[in-house]
Amino acid sequence: MISPETLAILCCPETKQELVLLDDAKVRRINEAIAAGKVLNRAGLPVTEPIEGGLLCKDGSSLYPIREEIPILLVDESLQMSQFP
């Protein structure tokens, strides 16, 4: 996955907040919502591909997905955590 050294230099491209790795339980919950067709990205498009992991903004508001071991640090591809009560 992402090394601690790499994680230490990454930040949210929008707010510049520190990013933390999403725990496995939350990854499973998000993937269940994706499979059910209930997830939109910030651009308002449906998310159809499951995530391997995620980088969560320190304030817990936005999630940047990790797919094929690559963090997708694009604002329009981020997920608003308010979708996952």
# chains A, B, ... in the order shown; residues from 1 in each chain; ligands from 1
>>> residues_around(residues="A:Ala36", least_positions_apart="4", cutoff="12 Å", atoms="only C-alpha atoms", output="list of chain:residue names")
A:Arg29, A:Ile30, A:Asn31, A:Glu32, A:Leu40, A:Pro46, A:Val47, A:Thr48, A:Glu49, A:Pro50
>>> select_by_dssp(residues="chain A", states="strand (DSSP E or B)", output="ChimeraX atom specification")
/A:11,18-21,40-41,46,53-57,62-67,70-71,79-80
>>> write_last_selection(atoms="N, CA and C atoms", output="PDB file, in the first residue's frame")
ATOM      1  N   CYS A  11      -1.023  15.513   0.662  1.00  0.00           N
ATOM      2  CA  CYS A  11      -2.036  16.347   1.307  1.00  0.00           C
ATOM      3  C   CYS A  11      -3.227  16.481   0.363  1.00  0.00           C
ATOM      4  N   GLU A  18      -3.802  17.346   5.985  1.00  0.00           N
ATOM      5  CA  GLU A  18      -3.130  16.056   6.097  1.00  0.00           C
ATOM      6  C   GLU A  18      -4.118  14.957   5.705  1.00  0.00           C
ATOM      7  N   LEU A  19      -3.611  13.883   5.110  1.00  0.00           N
ATOM      8  CA  LEU A  19      -4.435  12.734   4.733  1.00  0.00           C
ATOM      9  C   LEU A  19      -4.054  11.538   5.593  1.00  0.00           C
ATOM     10  N   VAL A  20      -5.059  10.742   5.953  1.00  0.00           N
ATOM     11  CA  VAL A  20      -4.830   9.521   6.718  1.00  0.00           C
ATOM     12  C   VAL A  20      -5.462   8.355   5.970  1.00  0.00           C
ATOM     13  N   LEU A  21      -4.905   7.171   6.160  1.00  0.00           N
ATOM     14  CA  LEU A  21      -5.452   5.987   5.504  1.00  0.00           C
ATOM     15  C   LEU A  21      -6.799   5.602   6.108  1.00  0.00           C
ATOM     16  N   LEU A  40     -21.779   8.849  -5.344  1.00  0.00           N
ATOM     17  CA  LEU A  40     -21.414   9.824  -6.365  1.00  0.00           C
ATOM     18  C   LEU A  40     -20.077  10.452  -5.992  1.00  0.00           C
ATOM     19  N   ASN A  41     -19.289  10.785  -7.017  1.00  0.00           N
ATOM     20  CA  ASN A  41     -18.057  11.519  -6.733  1.00  0.00           C
ATOM     21  C   ASN A  41     -18.366  13.010  -6.697  1.00  0.00           C
ATOM     22  N   PRO A  46     -21.820   8.841 -10.932  1.00  0.00           N
ATOM     23  CA  PRO A  46     -21.863   7.612 -10.146  1.00  0.00           C
ATOM     24  C   PRO A  46     -20.493   6.921 -10.129  1.00  0.00           C
ATOM     25  N   GLY A  53      -8.657   1.148  -1.159  1.00  0.00           N
ATOM     26  CA  GLY A  53      -8.390   1.881   0.066  1.00  0.00           C
ATOM     27  C   GLY A  53      -8.732   3.325  -0.186  1.00  0.00           C
ATOM     28  N   GLY A  54      -8.377   4.166   0.766  1.00  0.00           N
ATOM     29  CA  GLY A  54      -8.668   5.580   0.585  1.00  0.00           C
ATOM     30  C   GLY A  54      -7.820   6.444   1.490  1.00  0.00           C
ATOM     31  N   LEU A  55      -7.656   7.686   1.056  1.00  0.00           N
ATOM     32  CA  LEU A  55      -6.957   8.695   1.847  1.00  0.00           C
ATOM     33  C   LEU A  55      -7.997   9.707   2.291  1.00  0.00           C
ATOM     34  N   LEU A  56      -8.193   9.779   3.587  1.00  0.00           N
ATOM     35  CA  LEU A  56      -9.225  10.607   4.189  1.00  0.00           C
ATOM     36  C   LEU A  56      -8.625  11.917   4.686  1.00  0.00           C
ATOM     37  N   CYS A  57      -9.280  13.030   4.338  1.00  0.00           N
ATOM     38  CA  CYS A  57      -8.851  14.325   4.869  1.00  0.00           C
ATOM     39  C   CYS A  57      -8.939  14.277   6.388  1.00  0.00           C
ATOM     40  N   SER A  62     -13.675  14.514   3.154  1.00  0.00           N
ATOM     41  CA  SER A  62     -13.455  14.010   1.794  1.00  0.00           C
ATOM     42  C   SER A  62     -12.535  12.807   1.791  1.00  0.00           C
ATOM     43  N   LEU A  63     -12.797  11.924   0.833  1.00  0.00           N
ATOM     44  CA  LEU A  63     -11.995  10.713   0.674  1.00  0.00           C
ATOM     45  C   LEU A  63     -11.473  10.652  -0.753  1.00  0.00           C
ATOM     46  N   TYR A  64     -10.170  10.416  -0.872  1.00  0.00           N
ATOM     47  CA  TYR A  64      -9.557  10.208  -2.170  1.00  0.00           C
ATOM     48  C   TYR A  64      -9.334   8.705  -2.325  1.00  0.00           C
ATOM     49  N   PRO A  65      -9.953   8.100  -3.348  1.00  0.00           N
ATOM     50  CA  PRO A  65      -9.860   6.647  -3.495  1.00  0.00           C
ATOM     51  C   PRO A  65      -8.466   6.182  -3.909  1.00  0.00           C
ATOM     52  N   ILE A  66      -8.178   4.948  -3.545  1.00  0.00           N
ATOM     53  CA  ILE A  66      -6.964   4.277  -4.007  1.00  0.00           C
ATOM     54  C   ILE A  66      -7.434   3.123  -4.871  1.00  0.00           C
ATOM     55  N   ARG A  67      -6.944   3.103  -6.114  1.00  0.00           N
ATOM     56  CA  ARG A  67      -7.264   2.027  -7.052  1.00  0.00           C
ATOM     57  C   ARG A  67      -5.971   1.558  -7.703  1.00  0.00           C
ATOM     58  N   ILE A  70      -2.817   3.092  -6.546  1.00  0.00           N
ATOM     59  CA  ILE A  70      -2.524   4.485  -6.884  1.00  0.00           C
ATOM     60  C   ILE A  70      -3.566   5.395  -6.243  1.00  0.00           C
ATOM     61  N   PRO A  71      -3.138   6.357  -5.419  1.00  0.00           N
ATOM     62  CA  PRO A  71      -4.101   7.315  -4.860  1.00  0.00           C
ATOM     63  C   PRO A  71      -4.561   8.278  -5.958  1.00  0.00           C
ATOM     64  N   LEU A  79     -14.686  11.546  -2.839  1.00  0.00           N
ATOM     65  CA  LEU A  79     -16.001  11.172  -2.344  1.00  0.00           C
ATOM     66  C   LEU A  79     -16.288  11.966  -1.088  1.00  0.00           C
ATOM     67  N   GLN A  80     -17.475  12.508  -1.002  1.00  0.00           N
ATOM     68  CA  GLN A  80     -17.881  13.226   0.205  1.00  0.00           C
ATOM     69  C   GLN A  80     -18.330  12.196   1.242  1.00  0.00           C
TER      70      GLN A  80
END
>>> closest_residue(among="A:Gln83, A:Ile2, A:Glu68, A:Leu74", to="A:Val39", atoms="only C-alpha atoms")
A:Gln83
>>> select_by_dssp(residues="chain A", states="alpha helix (DSSP H)", output="PyMOL selection string")
chain A and resi 4-9+24-35
>>> closest_residue(among="A:Glu5, A:Asp59, A:Glu14, A:Asp76", to="A:Leu45", atoms="only C-alpha atoms")
A:Asp76
>>> closest_residue(among="A:Met1, A:Ile9, A:Ile51, A:Val75", to="A:Lys26", atoms="only C-alpha atoms")
A:Ile51
>>> decode(residues="stretch 30-48 of chain A", atoms="N, CA and C atoms", output="PDB file, in the first residue's frame")
ATOM      1  N   ILE A  30     -17.930   1.389   2.181  1.00  0.00           N
ATOM      2  CA  ILE A  30     -18.003   2.210   0.969  1.00  0.00           C
ATOM      3  C   ILE A  30     -18.170   1.331  -0.264  1.00  0.00           C
ATOM      4  N   ASN A  31     -17.454   0.222  -0.329  1.00  0.00           N
ATOM      5  CA  ASN A  31     -17.591  -0.677  -1.478  1.00  0.00           C
ATOM      6  C   ASN A  31     -18.985  -1.292  -1.551  1.00  0.00           C
ATOM      7  N   GLU A  32     -19.604  -1.541  -0.418  1.00  0.00           N
ATOM      8  CA  GLU A  32     -20.989  -2.032  -0.421  1.00  0.00           C
ATOM      9  C   GLU A  32     -21.919  -0.969  -1.008  1.00  0.00           C
ATOM     10  N   ALA A  33     -21.713   0.289  -0.640  1.00  0.00           N
ATOM     11  CA  ALA A  33     -22.532   1.384  -1.174  1.00  0.00           C
ATOM     12  C   ALA A  33     -22.283   1.572  -2.671  1.00  0.00           C
ATOM     13  N   ILE A  34     -21.026   1.416  -3.105  1.00  0.00           N
ATOM     14  CA  ILE A  34     -20.707   1.509  -4.534  1.00  0.00           C
ATOM     15  C   ILE A  34     -21.432   0.402  -5.290  1.00  0.00           C
ATOM     16  N   ALA A  35     -21.373  -0.825  -4.776  1.00  0.00           N
ATOM     17  CA  ALA A  35     -22.039  -1.963  -5.432  1.00  0.00           C
ATOM     18  C   ALA A  35     -23.549  -1.756  -5.517  1.00  0.00           C
ATOM     19  N   ALA A  36     -24.111  -1.058  -4.542  1.00  0.00           N
ATOM     20  CA  ALA A  36     -25.554  -0.785  -4.527  1.00  0.00           C
ATOM     21  C   ALA A  36     -25.916   0.421  -5.402  1.00  0.00           C
ATOM     22  N   GLY A  37     -24.922   1.072  -5.997  1.00  0.00           N
ATOM     23  CA  GLY A  37     -25.173   2.210  -6.873  1.00  0.00           C
ATOM     24  C   GLY A  37     -25.546   3.485  -6.148  1.00  0.00           C
ATOM     25  N   LYS A  38     -25.074   3.624  -4.918  1.00  0.00           N
ATOM     26  CA  LYS A  38     -25.465   4.767  -4.084  1.00  0.00           C
ATOM     27  C   LYS A  38     -24.386   5.825  -3.890  1.00  0.00           C
ATOM     28  N   VAL A  39     -23.292   5.757  -4.646  1.00  0.00           N
ATOM     29  CA  VAL A  39     -22.166   6.659  -4.404  1.00  0.00           C
ATOM     30  C   VAL A  39     -21.921   7.553  -5.621  1.00  0.00           C
ATOM     31  N   LEU A  40     -21.779   8.849  -5.344  1.00  0.00           N
ATOM     32  CA  LEU A  40     -21.414   9.824  -6.365  1.00  0.00           C
ATOM     33  C   LEU A  40     -20.077  10.452  -5.992  1.00  0.00           C
ATOM     34  N   ASN A  41     -19.289  10.785  -7.017  1.00  0.00           N
ATOM     35  CA  ASN A  41     -18.057  11.519  -6.733  1.00  0.00           C
ATOM     36  C   ASN A  41     -18.366  13.010  -6.697  1.00  0.00           C
ATOM     37  N   ARG A  42     -17.354  13.827  -6.422  1.00  0.00           N
ATOM     38  CA  ARG A  42     -17.577  15.274  -6.300  1.00  0.00           C
ATOM     39  C   ARG A  42     -18.084  15.895  -7.595  1.00  0.00           C
ATOM     40  N   ALA A  43     -17.801  15.276  -8.736  1.00  0.00           N
ATOM     41  CA  ALA A  43     -18.285  15.781 -10.018  1.00  0.00           C
ATOM     42  C   ALA A  43     -19.761  15.434 -10.220  1.00  0.00           C
ATOM     43  N   GLY A  44     -20.336  14.642  -9.297  1.00  0.00           N
ATOM     44  CA  GLY A  44     -21.738  14.251  -9.403  1.00  0.00           C
ATOM     45  C   GLY A  44     -21.977  13.022 -10.238  1.00  0.00           C
ATOM     46  N   LEU A  45     -20.910  12.317 -10.598  1.00  0.00           N
ATOM     47  CA  LEU A  45     -21.033  11.109 -11.407  1.00  0.00           C
ATOM     48  C   LEU A  45     -21.064   9.872 -10.521  1.00  0.00           C
ATOM     49  N   PRO A  46     -21.820   8.841 -10.932  1.00  0.00           N
ATOM     50  CA  PRO A  46     -21.863   7.612 -10.146  1.00  0.00           C
ATOM     51  C   PRO A  46     -20.493   6.921 -10.129  1.00  0.00           C
ATOM     52  N   VAL A  47     -20.138   6.401  -8.980  1.00  0.00           N
ATOM     53  CA  VAL A  47     -18.903   5.626  -8.834  1.00  0.00           C
ATOM     54  C   VAL A  47     -19.279   4.164  -9.040  1.00  0.00           C
ATOM     55  N   THR A  48     -18.617   3.510  -9.977  1.00  0.00           N
ATOM     56  CA  THR A  48     -18.949   2.119 -10.292  1.00  0.00           C
ATOM     57  C   THR A  48     -17.836   1.137  -9.952  1.00  0.00           C
TER      58      THR A  48
END
